[in-house]
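S.K.: Below you'll find query-v7.cif; it's mmCIF, C-alpha atoms.
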```
data_query
#
loop_
_atom_site.label_atom_id
_atom_site.label_comp_id
_atom_site.auth_asym_id
_atom_site.auth_seq_id
_atom_site.Cartn_x
_atom_site.Cartn_y
_atom_site.Cartn_z
CA MET A 978 21.83 16.24 -28.13
CA ASN A 979 24.19 17.29 -25.34
CA THR A 980 23.41 17.11 -21.63
CA PHE A 981 22.62 20.82 -21.34
CA GLU A 982 20.04 20.70 -24.13
CA LEU A 983 18.48 17.52 -22.75
CA THR A 984 18.30 19.03 -19.25
CA SER A 985 16.61 22.20 -20.55
CA LEU A 986 14.04 20.28 -22.59
CA LEU A 987 13.33 17.92 -19.69
CA PHE A 988 12.85 20.88 -17.36
CA LEU A 989 10.46 22.56 -19.77
CA GLY A 990 8.45 19.39 -20.40
CA SER A 991 8.23 18.65 -16.67
CA LEU A 992 7.17 22.22 -15.92
CA ILE A 993 4.23 21.87 -18.31
CA ALA A 994 3.42 18.37 -17.02
CA GLY A 995 3.41 19.58 -13.41
CA PHE A 996 1.32 22.63 -14.25
CA LEU A 997 -1.37 20.68 -16.12
CA GLY A 998 -1.23 17.81 -13.64
CA SER A 999 -1.98 20.02 -10.68
CA LEU A 1000 -4.63 22.10 -12.49
CA THR A 1001 -6.51 19.00 -13.57
CA GLY A 1002 -5.91 16.90 -10.48
CA LEU A 1003 -4.32 14.05 -12.43
CA GLY A 1004 -0.89 14.72 -10.97
CA GLY A 1005 2.24 15.52 -12.96
CA GLY A 1006 3.85 12.15 -12.28
CA VAL A 1007 1.43 10.34 -14.54
CA VAL A 1008 2.94 11.85 -17.70
CA VAL A 1009 6.61 11.85 -16.64
CA VAL A 1010 7.24 8.24 -17.69
CA PRO A 1011 5.60 8.58 -21.15
CA LEU A 1012 7.38 11.92 -21.59
CA LEU A 1013 10.79 10.44 -20.82
CA THR A 1014 10.37 7.17 -22.70
CA LEU A 1015 8.35 8.22 -25.75
CA ALA A 1016 9.75 11.73 -26.32
CA PHE A 1017 13.33 11.37 -25.08
CA GLY A 1018 14.02 7.68 -25.52
CA VAL A 1019 15.08 7.28 -21.89
CA ASP A 1020 15.17 3.71 -20.56
CA ILE A 1021 11.88 2.96 -18.80
CA ARG A 1022 13.69 1.95 -15.58
CA TYR A 1023 15.36 5.36 -15.29
CA ALA A 1024 12.05 6.96 -16.25
CA ILE A 1025 10.21 5.19 -13.42
CA GLY A 1026 12.88 6.12 -10.87
CA THR A 1027 12.74 9.74 -11.98
CA SER A 1028 8.96 9.77 -11.90
CA LEU A 1029 8.90 8.50 -8.30
CA ILE A 1030 11.05 11.46 -7.24
CA SER A 1031 8.72 13.96 -8.89
CA VAL A 1032 5.73 12.24 -7.27
CA ILE A 1033 7.23 12.61 -3.79
CA ALA A 1034 8.01 16.27 -4.45
CA THR A 1035 4.55 17.24 -5.67
CA SER A 1036 2.60 15.19 -3.16
CA SER A 1037 4.58 16.50 -0.19
CA GLY A 1038 4.23 20.04 -1.49
CA ALA A 1039 0.49 19.69 -1.98
CA ALA A 1040 -0.13 17.71 1.22
CA ALA A 1041 1.40 20.56 3.21
CA ALA A 1042 -1.50 22.72 2.04
CA TYR A 1043 -4.18 20.03 2.42
CA VAL A 1044 -3.52 18.82 5.97
CA ARG A 1045 -4.14 22.32 7.28
CA GLU A 1046 -7.63 22.45 5.82
CA GLY A 1047 -8.62 19.50 8.00
CA PHE A 1048 -10.02 17.36 5.19
CA SER A 1049 -7.49 14.56 5.32
CA ASN A 1050 -8.15 11.72 7.75
CA ILE A 1051 -4.72 11.14 9.26
CA ARG A 1052 -5.59 7.93 11.13
CA LEU A 1053 -7.19 6.37 8.08
CA GLY A 1054 -4.25 7.48 5.92
CA MET A 1055 -1.71 6.02 8.34
CA PHE A 1056 -3.60 2.73 8.67
CA LEU A 1057 -3.87 2.34 4.88
CA GLU A 1058 -0.21 3.25 4.46
CA ILE A 1059 0.62 -0.16 5.93
CA ALA A 1060 -1.02 -1.65 2.83
CA THR A 1061 0.46 0.84 0.34
CA THR A 1062 4.05 0.64 1.65
CA ILE A 1063 4.06 -3.17 1.68
CA GLY A 1064 2.58 -3.06 -1.83
CA ALA A 1065 5.09 -0.44 -2.98
CA ILE A 1066 8.11 -2.41 -1.75
CA ALA A 1067 6.72 -5.63 -3.26
CA GLY A 1068 6.01 -3.82 -6.55
CA ALA A 1069 9.48 -2.28 -6.70
CA VAL A 1070 11.07 -5.68 -6.06
CA VAL A 1071 8.87 -7.47 -8.62
CA ALA A 1072 9.50 -4.75 -11.23
CA ALA A 1073 13.11 -5.90 -11.54
CA TYR A 1074 11.93 -9.27 -12.84
CA LEU A 1075 9.16 -8.07 -15.14
CA LYS A 1076 9.63 -7.72 -18.87
CA LEU A 1077 9.95 -4.04 -19.74
CA SER A 1078 7.30 -4.37 -22.45
CA TRP A 1079 4.81 -5.71 -19.89
CA ILE A 1080 5.52 -2.77 -17.61
CA ALA A 1081 4.85 -0.45 -20.54
CA ILE A 1082 1.54 -2.16 -21.33
CA VAL A 1083 0.33 -2.11 -17.71
CA PHE A 1084 1.40 1.52 -17.56
CA GLY A 1085 -0.69 2.28 -20.64
CA LEU A 1086 -3.74 0.59 -19.11
CA VAL A 1087 -3.38 2.59 -15.89
CA LEU A 1088 -3.08 5.80 -17.93
CA LEU A 1089 -6.32 4.95 -19.73
CA TYR A 1090 -8.04 4.26 -16.43
CA SER A 1091 -6.72 7.50 -14.87
CA ALA A 1092 -8.00 9.47 -17.84
CA TYR A 1093 -11.43 7.88 -17.51
CA GLU A 1094 -11.48 8.42 -13.76
CA SER A 1095 -10.72 12.11 -14.13
CA VAL A 1096 -13.54 12.90 -16.57
CA ARG A 1097 -16.14 10.64 -14.96
CA SER A 1098 -18.85 12.70 -13.28
CA ARG A 1099 -18.55 12.68 -9.56
CA THR A 1100 -21.45 12.40 -7.27
CA ASP A 1101 -20.69 12.34 -3.60
CA LEU A 1102 -21.86 8.89 -2.51
CA ARG A 1103 -23.95 9.12 0.58
CA GLY A 1104 -21.93 7.56 3.32
CA PRO A 1105 -23.40 4.77 5.46
CA SER A 1106 -25.42 5.95 8.41
CA GLN A 1107 -24.56 2.81 10.38
CA PRO A 1108 -21.07 2.66 11.85
CA ASP A 1109 -18.91 -0.25 10.72
CA ARG A 1110 -17.56 -2.47 13.50
CA LEU A 1111 -13.99 -2.71 12.19
CA ALA A 1112 -13.84 0.99 11.35
CA GLY A 1113 -15.04 1.68 14.89
CA LEU A 1114 -12.39 -0.54 16.44
CA LEU A 1115 -9.72 1.20 14.40
CA ARG A 1116 -11.23 4.62 15.21
CA LEU A 1117 -11.33 5.55 11.52
CA ASP A 1118 -14.56 7.56 11.63
CA SER A 1119 -14.01 11.29 11.65
CA SER A 1120 -15.49 14.57 10.50
CA PHE A 1121 -14.64 17.24 7.97
CA PRO A 1122 -15.32 20.97 7.79
CA ALA A 1123 -18.43 21.72 5.66
CA SER A 1124 -20.35 24.94 5.17
CA GLN A 1125 -22.76 23.94 7.94
CA GLY A 1126 -19.99 23.11 10.42
CA LEU A 1127 -18.15 19.87 11.18
CA GLN A 1128 -19.73 17.03 9.25
CA PRO A 1129 -19.16 13.58 10.82
CA TYR A 1130 -18.84 10.53 8.55
CA HIS A 1131 -18.42 6.77 8.87
CA VAL A 1132 -15.92 4.56 7.08
CA SER A 1133 -17.09 1.24 5.65
CA ASN A 1134 -15.66 -1.85 3.89
CA VAL A 1135 -12.28 -1.60 5.59
CA PRO A 1136 -10.94 -4.96 4.28
CA SER A 1137 -11.71 -4.25 0.62
CA GLY A 1138 -10.36 -0.71 0.94
CA PHE A 1139 -7.20 -2.12 2.49
CA SER A 1140 -6.72 -4.65 -0.33
CA LEU A 1141 -7.31 -2.01 -3.01
CA MET A 1142 -4.66 0.10 -1.28
CA PHE A 1143 -2.22 -2.78 -1.48
CA THR A 1144 -2.89 -2.89 -5.24
CA ALA A 1145 -2.34 0.87 -5.45
CA GLY A 1146 0.99 0.37 -3.69
CA VAL A 1147 2.06 -2.41 -6.07
CA LEU A 1148 1.21 -0.26 -9.10
CA SER A 1149 3.12 2.63 -7.59
CA GLY A 1150 6.18 0.43 -7.07
CA VAL A 1151 6.06 -1.13 -10.54
CA LEU A 1152 5.20 2.02 -12.50
CA GLY A 1153 6.65 4.85 -10.44
CA ILE A 1154 3.40 6.76 -10.17
CA GLY A 1155 1.35 8.01 -7.24
CA SER A 1156 -1.58 5.70 -8.09
CA GLY A 1157 -3.92 8.48 -7.02
CA ALA A 1158 -6.72 7.11 -9.20
CA VAL A 1159 -6.67 3.68 -7.50
CA LYS A 1160 -6.38 5.26 -4.05
CA VAL A 1161 -9.44 7.39 -4.70
CA LEU A 1162 -11.22 4.28 -6.01
CA ALA A 1163 -10.50 2.52 -2.71
CA MET A 1164 -11.65 5.39 -0.51
CA ASP A 1165 -14.33 6.95 -2.65
CA ARG A 1166 -16.08 3.83 -3.91
CA ALA A 1167 -15.18 1.04 -1.48
CA MET A 1168 -14.91 2.85 1.83
CA LYS A 1169 -17.64 5.38 0.92
CA LEU A 1170 -15.78 8.44 2.12
CA PRO A 1171 -16.85 11.97 1.24
CA PHE A 1172 -15.12 12.92 -1.99
CA LYS A 1173 -13.01 15.76 -0.61
CA VAL A 1174 -11.79 13.51 2.23
CA SER A 1175 -10.74 10.73 -0.14
CA THR A 1176 -8.84 12.98 -2.54
CA THR A 1177 -6.93 14.85 0.17
CA THR A 1178 -6.18 11.73 2.23
CA SER A 1179 -5.00 10.01 -0.97
CA ASN A 1180 -2.68 12.92 -1.72
CA PHE A 1181 -1.41 12.79 1.84
CA MET A 1182 -0.52 9.10 1.39
CA ILE A 1183 1.11 9.30 -2.03
CA GLY A 1184 4.42 10.70 -0.74
CA VAL A 1185 4.86 7.88 1.79
CA THR A 1186 3.96 5.21 -0.78
CA ALA A 1187 6.37 6.65 -3.35
CA ALA A 1188 9.14 7.00 -0.74
CA ALA A 1189 8.85 3.27 0.01
CA SER A 1190 9.52 2.29 -3.60
CA ALA A 1191 11.97 5.16 -4.23
CA GLY A 1192 14.28 3.63 -1.60
CA VAL A 1193 14.39 0.38 -3.55
CA TYR A 1194 14.91 2.18 -6.88
CA LEU A 1195 17.70 4.33 -5.44
CA ASN A 1196 19.52 1.34 -4.01
CA ARG A 1197 19.19 -0.47 -7.29
CA GLY A 1198 20.76 2.43 -9.20
CA TYR A 1199 17.62 3.37 -11.14
CA ILE A 1200 17.61 7.00 -10.05
CA ASP A 1201 19.86 9.10 -12.25
CA PRO A 1202 20.83 12.55 -10.90
CA GLY A 1203 21.07 14.06 -14.38
CA LEU A 1204 17.46 13.14 -15.15
CA ALA A 1205 15.99 13.57 -11.68
CA MET A 1206 17.33 17.11 -11.28
CA PRO A 1207 15.44 18.85 -14.13
CA VAL A 1208 12.33 16.66 -13.79
CA MET A 1209 11.94 17.12 -10.03
CA LEU A 1210 12.48 20.90 -10.22
CA GLY A 1211 10.24 21.23 -13.29
CA VAL A 1212 7.31 19.19 -11.99
CA LEU A 1213 7.52 20.87 -8.57
CA GLY A 1214 7.64 24.38 -10.06
CA GLY A 1215 4.83 23.57 -12.47
CA SER A 1216 2.54 22.05 -9.87
CA LEU A 1217 3.04 24.90 -7.38
CA THR A 1218 2.19 27.39 -10.13
CA GLY A 1219 -0.79 25.27 -11.13
CA ALA A 1220 -2.10 25.21 -7.57
CA ARG A 1221 -1.93 29.01 -7.52
CA TYR A 1222 -3.98 29.35 -10.70
CA LEU A 1223 -6.49 26.72 -9.67
CA ALA A 1224 -9.08 29.15 -8.31
CA GLY A 1225 -9.57 31.16 -11.49
CA ALA A 1226 -9.14 28.45 -14.10
CA LYS A 1227 -11.79 26.81 -16.26
CA VAL A 1228 -10.80 23.38 -15.05
CA ARG A 1229 -13.54 21.34 -16.70
CA LEU A 1230 -12.45 21.84 -20.32
CA LEU A 1231 -8.76 21.65 -19.40
CA ARG A 1232 -9.35 18.38 -17.59
CA ILE A 1233 -11.02 16.86 -20.64
CA VAL A 1234 -8.17 17.99 -22.91
CA PHE A 1235 -5.48 16.70 -20.54
CA SER A 1236 -7.35 13.42 -20.07
CA VAL A 1237 -7.42 12.93 -23.82
CA VAL A 1238 -3.66 13.54 -23.90
CA VAL A 1239 -3.14 11.07 -21.05
CA ALA A 1240 -5.33 8.48 -22.81
CA LEU A 1241 -3.38 8.90 -26.07
CA LEU A 1242 -0.11 8.49 -24.19
CA GLY A 1243 -1.58 5.34 -22.65
CA LEU A 1244 -2.41 3.94 -26.10
CA GLU A 1245 1.06 4.80 -27.35
CA MET A 1246 2.67 3.05 -24.36
CA ILE A 1247 0.57 -0.06 -25.04
CA TYR A 1248 1.34 0.08 -28.76
CA ASN A 1249 5.08 0.44 -28.18
CA GLY A 1250 4.93 -2.27 -25.54
CA PHE A 1251 3.45 -4.70 -28.06
CA LEU A 1252 5.99 -3.65 -30.67
CA GLY A 1253 8.68 -4.57 -28.17
CA LYS A 1254 10.27 -1.10 -28.17
CA PHE A 1255 11.09 -1.35 -24.51
CA VAL A 1256 13.35 -4.38 -24.71
CA GLN A 1257 16.70 -3.76 -23.03
CA MET B 1253 -16.04 3.45 20.18
CA ASN B 1254 -16.93 6.34 17.90
CA ALA B 1255 -14.17 8.90 17.66
CA PRO B 1256 -15.10 12.37 18.82
CA ALA B 1257 -14.51 15.32 16.50
CA ARG B 1258 -10.77 15.77 16.06
CA PRO B 1259 -9.21 17.07 19.29
CA MET B 1260 -7.00 20.13 19.39
CA SER B 1261 -3.78 18.16 19.54
CA ASP B 1262 -4.64 16.64 16.15
CA LYS B 1263 -4.97 20.12 14.73
CA ARG B 1264 -1.58 21.15 16.09
CA ALA B 1265 0.03 17.96 14.79
CA GLU B 1266 -1.41 18.67 11.34
CA GLU B 1267 0.12 22.12 11.31
CA ILE B 1268 3.54 20.80 12.30
CA ILE B 1269 3.27 18.08 9.62
CA GLY B 1270 2.40 20.69 7.01
CA ASN B 1271 5.44 22.79 7.91
CA LEU B 1272 7.68 19.73 8.04
CA LEU B 1273 6.67 18.65 4.53
CA ARG B 1274 7.09 22.14 3.11
CA THR B 1275 10.50 22.59 4.72
CA GLY B 1276 11.76 19.19 3.56
CA VAL B 1277 10.69 19.74 -0.04
CA SER B 1278 12.15 23.27 -0.08
CA ILE B 1279 15.53 22.16 1.27
CA ALA B 1280 15.65 19.25 -1.19
CA ALA B 1281 14.80 21.53 -4.12
CA ILE B 1282 17.44 24.09 -3.08
CA VAL B 1283 20.16 21.42 -2.72
CA VAL B 1284 19.26 19.81 -6.08
CA PHE B 1285 19.19 23.20 -7.81
CA ALA B 1286 22.45 24.39 -6.23
CA ALA B 1287 24.24 21.18 -7.23
CA GLY B 1288 22.61 21.21 -10.67
CA ILE B 1289 24.54 24.30 -11.77
CA PRO B 1290 28.06 22.85 -11.28
CA TYR B 1291 26.76 19.53 -12.63
CA LEU B 1292 25.73 21.19 -15.88
CA ILE B 1293 28.98 23.16 -16.07
CA GLN B 1294 30.92 19.90 -15.81
CA HIS B 1295 28.71 17.72 -17.98
CA GLY B 1296 26.71 20.22 -20.08
CA THR B 1297 28.58 19.80 -23.35
CA ALA B 1298 29.00 16.04 -23.05
CA LYS B 1299 26.77 13.87 -25.17
CA SER B 1300 23.80 12.72 -23.10
CA GLY B 1301 24.13 9.02 -22.41
CA ASP B 1302 20.84 8.09 -20.83
CA HIS B 1303 19.42 6.16 -23.74
CA THR B 1304 21.27 3.03 -22.79
CA PHE B 1305 20.75 1.61 -19.36
CA GLN B 1306 23.67 0.85 -17.08
CA GLY B 1307 22.42 1.62 -13.60
CA GLU B 1308 24.10 4.15 -11.34
CA PRO B 1309 27.53 3.47 -9.81
CA SER B 1310 27.51 2.47 -6.15
CA GLN B 1311 28.56 5.91 -4.86
CA LEU B 1312 25.27 7.22 -6.27
CA ARG B 1313 23.11 4.37 -4.97
CA HIS B 1314 23.64 3.86 -1.29
CA ILE B 1315 23.25 6.35 1.52
CA SER B 1316 26.84 5.99 2.76
CA GLY B 1317 28.31 6.34 -0.74
CA ILE B 1318 26.16 9.36 -1.55
CA ILE B 1319 27.21 11.14 1.64
CA LYS B 1320 30.89 10.30 1.17
CA SER B 1321 30.94 11.53 -2.45
CA SER B 1322 28.90 14.62 -1.55
CA LEU B 1323 31.47 15.60 1.05
CA ALA B 1324 34.14 15.14 -1.62
CA GLY B 1325 32.29 17.78 -3.64
CA ASP B 1326 30.94 15.60 -6.47
CA ALA B 1327 28.01 17.52 -8.00
CA ALA B 1328 26.12 14.39 -9.10
CA ALA B 1329 26.37 12.98 -5.57
CA ILE B 1330 25.08 16.24 -4.07
CA ILE B 1331 22.05 16.05 -6.39
CA GLN B 1332 21.48 12.50 -5.08
CA PHE B 1333 21.87 13.86 -1.55
CA GLY B 1334 19.10 16.39 -2.27
CA ILE B 1335 16.96 13.54 -3.59
CA LEU B 1336 17.72 11.62 -0.41
CA ILE B 1337 16.44 14.59 1.61
CA LEU B 1338 13.30 14.52 -0.51
CA ILE B 1339 12.76 10.80 0.09
CA ALA B 1340 13.43 11.35 3.80
CA THR B 1341 10.71 14.02 4.03
CA PRO B 1342 7.70 11.68 4.13
CA VAL B 1343 9.73 9.36 6.37
CA ALA B 1344 10.26 12.24 8.80
CA ARG B 1345 6.55 12.97 8.62
CA VAL B 1346 5.76 9.40 9.68
CA ALA B 1347 8.41 9.54 12.43
CA PHE B 1348 6.86 12.74 13.77
CA SER B 1349 3.41 11.13 13.74
CA VAL B 1350 4.72 8.44 16.12
CA PHE B 1351 5.47 11.15 18.68
CA ALA B 1352 2.17 12.91 18.02
CA PHE B 1353 0.25 9.68 18.74
CA VAL B 1354 2.35 9.00 21.83
CA GLU B 1355 1.43 12.44 23.11
CA GLU B 1356 -2.24 11.63 22.56
CA ARG B 1357 -1.76 8.25 24.30
CA ASP B 1358 -3.23 6.60 21.21
CA TRP B 1359 -1.25 3.37 21.47
CA LEU B 1360 -3.06 1.61 18.63
CA TYR B 1361 -1.87 4.29 16.22
CA VAL B 1362 1.58 4.41 17.76
CA ILE B 1363 1.89 0.77 16.66
CA VAL B 1364 0.32 1.38 13.23
CA THR B 1365 2.70 4.29 12.60
CA LEU B 1366 5.74 2.34 13.84
CA ILE B 1367 4.93 -0.42 11.34
CA VAL B 1368 4.83 2.10 8.48
CA LEU B 1369 8.08 3.69 9.71
CA ALA B 1370 9.81 0.31 9.93
CA LEU B 1371 8.74 -0.55 6.37
CA LEU B 1372 10.09 2.76 5.07
CA LEU B 1373 13.43 2.41 6.85
CA PHE B 1374 13.68 -1.16 5.62
CA SER B 1375 13.23 -0.11 1.97
CA LEU B 1376 15.67 2.78 2.29
CA THR B 1377 18.45 0.78 3.86
CA SER B 1378 18.11 -2.64 2.21
CA THR B 1379 20.82 -2.80 -0.39
CA ASN B 1380 19.87 -6.14 -1.92
CA LEU B 1381 16.14 -6.04 -2.54
#
```
Can I see the file as structure tokens?

M.R.:
Amino acid sequence: MNTFELTSLLFLGSLIAGFLGSLTGLGGGVVVVPLLTLAFGVDIRYAIGTSLISVIATSSGAAAAYVREGFSNIRLGMFLEIATTIGAIAGAVVAAYLKLSWIAIVFGLVLLYSAYESVRSRTDLRGPSQPDRLAGLLRLDSSFPASQGLQPYHVSNVPSGFSLMFTAGVLSGVLGIGSGAVKVLAMDRAMKLPFKVSTTTSNFMIGVTAAASAGVYLNRGYIDPGLAMPVMLGVLGGSLTGARYLAGAKVRLLRIVFSVVVALLGLEMIYNGFLGKFVQ
Amino acid sequence: MNAPARPMSDKRAEEIIGNLLRTGVSIAAIVVFAAGIPYLIQHGTAKSGDHTFQGEPSQLRHISGIIKSSLAGDAAAIIQFGILILIATPVARVAFSVFAFVEERDWLYVIVTLIVLALLLFSLTSTNL
């Protein structure tokens, strides 16, 4: 295969990944690494570097739309970004010393979890009525626009949310993904935020987290322009198109189908990891 | 200590942040696309060599090298420069937030945001992590 053919195929694959990722809410970045490694035989280090770039592109593009709606909690996002950026830098540094097959196996497990998280039925957990002392000190409580006007909410379990965010950052640095599923876990489950607030704030944070590890990957020479070019443009184009079609699409069925694909990719990553296919 | 409903200045800051992110991503995509065409003309028929891992050469790794090679007209370096703009976009967002919090006299969040900014700049400029 010559470079032109590879570039075209990568662009096409990334376009589809971005489109499905944004329609289903799983994000296009989650399938970039399996796509590059399993389908194109790209080294997993290059694949992770490339994936980080596509994650920054889609999250910044989407966050631009979200912040205007007033759902994202900017103070909370900024506070938690301390945890995710430290985690992301640590993860990116540690990744250099990890066995590639281990990275592949952890990646597979995170894919399985993301697939589960996306099909799990979501009930908006009722937030705590009592304000939390730490959340109050940090002025994290806010409100979001609901049909009956501004709806105030409290934030709880700040320390456990903060630690989960650190984990999300580490995973993002090691695997080159946005770790959206873990971020939502931290905000949705631990900090008991309204669902719409946790998803949009998570999206808002993903770009900053990915930028922290992308710096390390770039400096280490893991970001290849020939791969990053088609993947970034493809995922970005796909996810912007996906966002446009979101309103009229039957998302439920599509989400189940895409989750099954993601889960299968996860199993394949684990399988190949155990076979030692990722050895340098 | 409960925060009141978001004040107007928050709303304005959010709009500026939204525009900043959109502009950054658009410029990055245009630069990467524009450099991608000459890149493919130069390298299109070559056999793709990404299966084996070597790591990028230093002029495609570090900010100074990328800028120097971009100015020399190297297509691969200009793609990296576009990627650098993309990475800088969330960094610029955080930098802007520092000013937004200063304007609101929210010193706690000025500090929080400065910590995040310092971490980002550290990761972008450290060449031996």

S.K.: Using all atoms listed in the file for the distances, tell me which of B:Pro1342, B:Gly1334, B:Pro1290, B:Gly1276 is nearest to chain A.

M.R.: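 Counting all atoms listed in the file, the residue closest to chain A is B:Pro1342.
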
S.K.: I need the output of the PyMOL selection byres ((chain A) within 6 of (chain B)) for this file as JSON, numbers by chain; which residues are they?

M.R.: {"A": [979, 980, 981, 1018, 1019, 1020, 1037, 1038, 1041, 1044, 1045, 1059, 1113, 1116, 1184, 1185, 1188, 1189, 1192, 1193, 1195, 1196, 1198, 1199, 1202]}

S.K.: Please write the residues picked by the PyMOL selection byres ((chain A and resi 1129-1142) around 9) on this file as an MDAnalysis selection string.

M.R.: (chainID A and resid 1053 1056:1061 1064 1104:1113 1117:1122 1127:1128 1143:1147 1159:1160 1162:1164 1166:1171) or (chainID B and resid 1257)

S.K.: Run the PyMOL selection byres ((chain A and resi 1254) around 10) mentally over the shown coordinates, then write out the matched residues as a VMD selection string, using the chain letters and numbers from the document.

M.R.: chain A and resid 1014 to 1015 1018 1077 to 1078 1081 1246 1248 to 1253 1255 to 1257

S.K.: So what do you get for atom CA of A:Ala1092 versus atom CA of A:Ala1240, distance-wise?

M.R.: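 Interatomic distance here is 5.7 Å.
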
S.K.: Within 7 Å of (-9.5, 10.2, -2.6) in the file's own coordinates, which protein, DNA or RNA residues have an atom, counting all atoms listed in the file? List them as a tab-separated table (two decimals) with C-alpha atoms, in the frame of the given file.

M.R.:
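This is the output file out01.tsv:
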```
chain	number	residue	atom	x	y	z
A	1160	LYS	CA	-6.38	5.26	-4.05
A	1161	VAL	CA	-9.44	7.39	-4.70
A	1164	MET	CA	-11.65	5.39	-0.51
A	1165	ASP	CA	-14.33	6.95	-2.65
A	1172	PHE	CA	-15.12	12.92	-1.99
A	1173	LYS	CA	-13.01	15.76	-0.61
A	1174	VAL	CA	-11.79	13.51	2.23
A	1175	SER	CA	-10.74	10.73	-0.14
A	1176	THR	CA	-8.84	12.98	-2.54
A	1177	THR	CA	-6.93	14.85	0.17
A	1178	THR	CA	-6.18	11.73	2.23
A	1179	SER	CA	-5.00	10.01	-0.97
```

S.K.: With distances taken over all atoms listed in the file, which residue among A:Val1234, A:Val1239, A:Val1083, A:Leu1115 lies nearest A:Gly1004?

M.R.: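 Checking each of A:Val1234, A:Val1239, A:Val1083, A:Leu1115 against A:Gly1004, counting all atoms listed in the file, the winner is A:Val1239.
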
S.K.: Could you work out how far atom CA of A:Leu1088 lies from atom CA of A:Leu1013, giving the answer in Å with one decimal?

M.R.: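 Separation between atom CA of A:Leu1013 and atom CA of A:Leu1088: 14.9 Å.
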